[in-house]
Amino acid sequence: MADSACNPRGWAALPPGRACKVLKILIVEDERPLAETLRYLVEDNPRYRVVGIASDLPSALELLEHGQPDLALVDLHLAHGSTGFSVAVRLNDAGVPCLFVTGRPPGFAMPDLALGLLLKPFTGNDVHRALALAEDVMRGRETLRPRLPRNLQLFDPEEEAADEVPPPPLPPRQGFKARLERWIGGSPH
C-alpha cells in the first residue's frame with residue numbers, strides 16, 4: 001500500500017522501478033468494438049500497454065490476477081448485471097486505481113472509487129491526456145496548470161472531504177416539566 005501522505009486515496013503507488021516502464025492498463029468495457037477502439041487509442045502511445053479487456057466483474061477479476069494492471073479504464077454500465085461501481089470497488093481493494101469511461105455520468109463525484117471520469121465520445125488526444133493526468137495523480141506528481149479535456153473530470157478527495165460539513169450539535173433536551181411550562185407560557189423555575 002502507498003504512503004497516505006503521497007497518495008491520499010490509499011492506492012498502491014507505482015514501484016520506483018516502474019517510473020520509466022510502460023503503464024499497464026486494464027479495460028473494462030462490455031461493448032467489444034468500443035473496447036478495441038479504446039485499446040488502439042491507449043496503445044497508440046508507447047508509454048501504455050493494455051493487459052486485457054474485460055466485459056464484466058468476473059472477467060475483470062481474472063485479468064486482475066494475470067495482468068497485474070497499474071490502472072483500469074472502467075465503463076459504468078456493464079454486461080451480465082455487473083456495474084462499473086462494483087468493479088471499481090474490487091479493483092480499489094486490490095490497489096488498482098480506476099478511471100471511469102462512460103456515456104452517462106452519475107450526478108456526483110466518487111473520489112473514493114475513481115481518479116475521475118472521461119465522457120464518451122472522446123478522441124485519441126482526450127484519452128492520452130486523461131491517462132497522462134491519471135498517471136501524474138498515481139505517481140503523486142502535481143501538474144502545473146493542467147489542461148483537462150472538456151469531457152474529463154478529475155475527482156479531488158480533499159475537496160469532497162471539505163464539502164462534508166458536520167451537522168450542528170443538537171440542543172440539550174429539556175425535561176417534560178420545562179417543555180410544558182414553555183408551552184403554557186409560564187416561566188421555568
# chains A, B, ... in the order shown; residues from 1 in each chain; ligands from 1
>>> residues_around(residues="segment 34-49 of chain A", least_positions_apart="3", cutoff="8 Å", atoms="only C-alpha atoms", output="ChimeraX atom specification")
/A:21-25,27-31,53,124,127-128
>>> write_last_selection(atoms="N, CA and C atoms", output="compact mmCIF listing (two decimals), in the first residue's frame")
# COMPACT_ATOMS: atom_id res chain seq x y z
N LYS A 21 9.01 2.61 -17.03
CA LYS A 21 8.43 1.49 -17.75
C LYS A 21 7.03 1.81 -18.24
N VAL A 22 6.51 0.89 -18.98
CA VAL A 22 5.17 1.02 -19.56
C VAL A 22 4.11 0.87 -18.47
N LEU A 23 3.10 1.72 -18.53
CA LEU A 23 1.98 1.64 -17.59
C LEU A 23 0.99 0.60 -18.11
N LYS A 24 0.71 -0.41 -17.29
CA LYS A 24 -0.19 -1.50 -17.70
C LYS A 24 -1.63 -1.12 -17.38
N ILE A 25 -2.50 -1.24 -18.38
CA ILE A 25 -3.88 -0.77 -18.26
C ILE A 25 -4.86 -1.90 -18.55
N ILE A 27 -8.81 -2.64 -19.44
CA ILE A 27 -10.02 -2.01 -19.95
C ILE A 27 -11.20 -2.87 -19.55
N VAL A 28 -12.20 -2.26 -18.92
CA VAL A 28 -13.42 -2.96 -18.53
C VAL A 28 -14.57 -2.28 -19.28
N GLU A 29 -14.97 -2.89 -20.39
CA GLU A 29 -15.98 -2.33 -21.29
C GLU A 29 -16.70 -3.50 -21.96
N ASP A 30 -18.04 -3.50 -21.92
CA ASP A 30 -18.80 -4.62 -22.47
C ASP A 30 -19.08 -4.49 -23.97
N GLU A 31 -18.94 -3.33 -24.56
CA GLU A 31 -19.13 -3.17 -26.00
C GLU A 31 -17.79 -3.42 -26.68
N ILE A 53 -8.89 -6.99 -21.80
CA ILE A 53 -10.21 -6.36 -21.91
C ILE A 53 -11.21 -7.28 -21.22
N GLY A 124 -8.57 10.39 -29.48
CA GLY A 124 -7.31 9.81 -29.04
C GLY A 124 -6.54 10.77 -28.15
N VAL A 127 -7.95 10.70 -24.67
CA VAL A 127 -7.52 9.50 -23.93
C VAL A 127 -6.08 9.67 -23.45
N HIS A 128 -5.19 10.16 -24.32
CA HIS A 128 -3.79 10.33 -23.93
C HIS A 128 -3.64 11.34 -22.81
>>> residues_around(residues="segment 88-93 of chain A", least_positions_apart="3", cutoff="10 Å", atoms="only C-alpha atoms", output="MDAnalysis selection string")
chainID A and resid 9:12 28 57 60:61 64 69 71:76 83:85 96:100 112:114
>>> closest_residue(among="A:Glu181, A:Glu65, A:Asp70, A:Asp126", to="Arg150 of chain A", atoms="only C-alpha atoms")
A:Asp126
>>> atom_distance(atom1="atom CA of His66 of chain A", atom2="atom CA of Val87 of chain A")
16.1 Å
>>> select_by_dssp(residues="segment 19-147 of chain A", states="strand (DSSP E)", output="list in words")
Leu23, Lys24, Ile25, Leu26, Ile27, Val28, Tyr48, Arg49, Val50, Val51, Gly52, Ile53, Ala54, Leu71, Ala72, Leu73, Val74, Cys98, Leu99, Phe100, Val101, Thr102, Gly116, Leu117, Leu118 and Leu119 of chain A
>>> select_by_dssp(residues="segment 51-162 of chain A", states="helix (DSSP H, G or I)", output="JSON, numbers by chain")
{"A": [57, 58, 59, 60, 61, 62, 63, 64, 65, 66, 67, 84, 85, 86, 87, 88, 89, 90, 91, 92, 93, 124, 125, 126, 127, 128, 129, 130, 131, 132, 133, 134, 135, 136, 137, 138, 139, 157, 158, 159, 160, 161, 162]}
>>> atom_distance(atom1="atom CA of Asp136 of chain A", atom2="atom CA of Arg32 of chain A")
28.5 Å
>>> residues_around(residues="Gln153 of chain A", least_positions_apart="2", cutoff="9 Å", atoms="only C-alpha atoms", output="MDAnalysis selection string")
chainID A and resid 109 115:119 148:151 155
>>> atom_distance(atom1="atom CA of Leu133 of chain A", atom2="atom CA of Arg147 of chain A")
9.2 Å
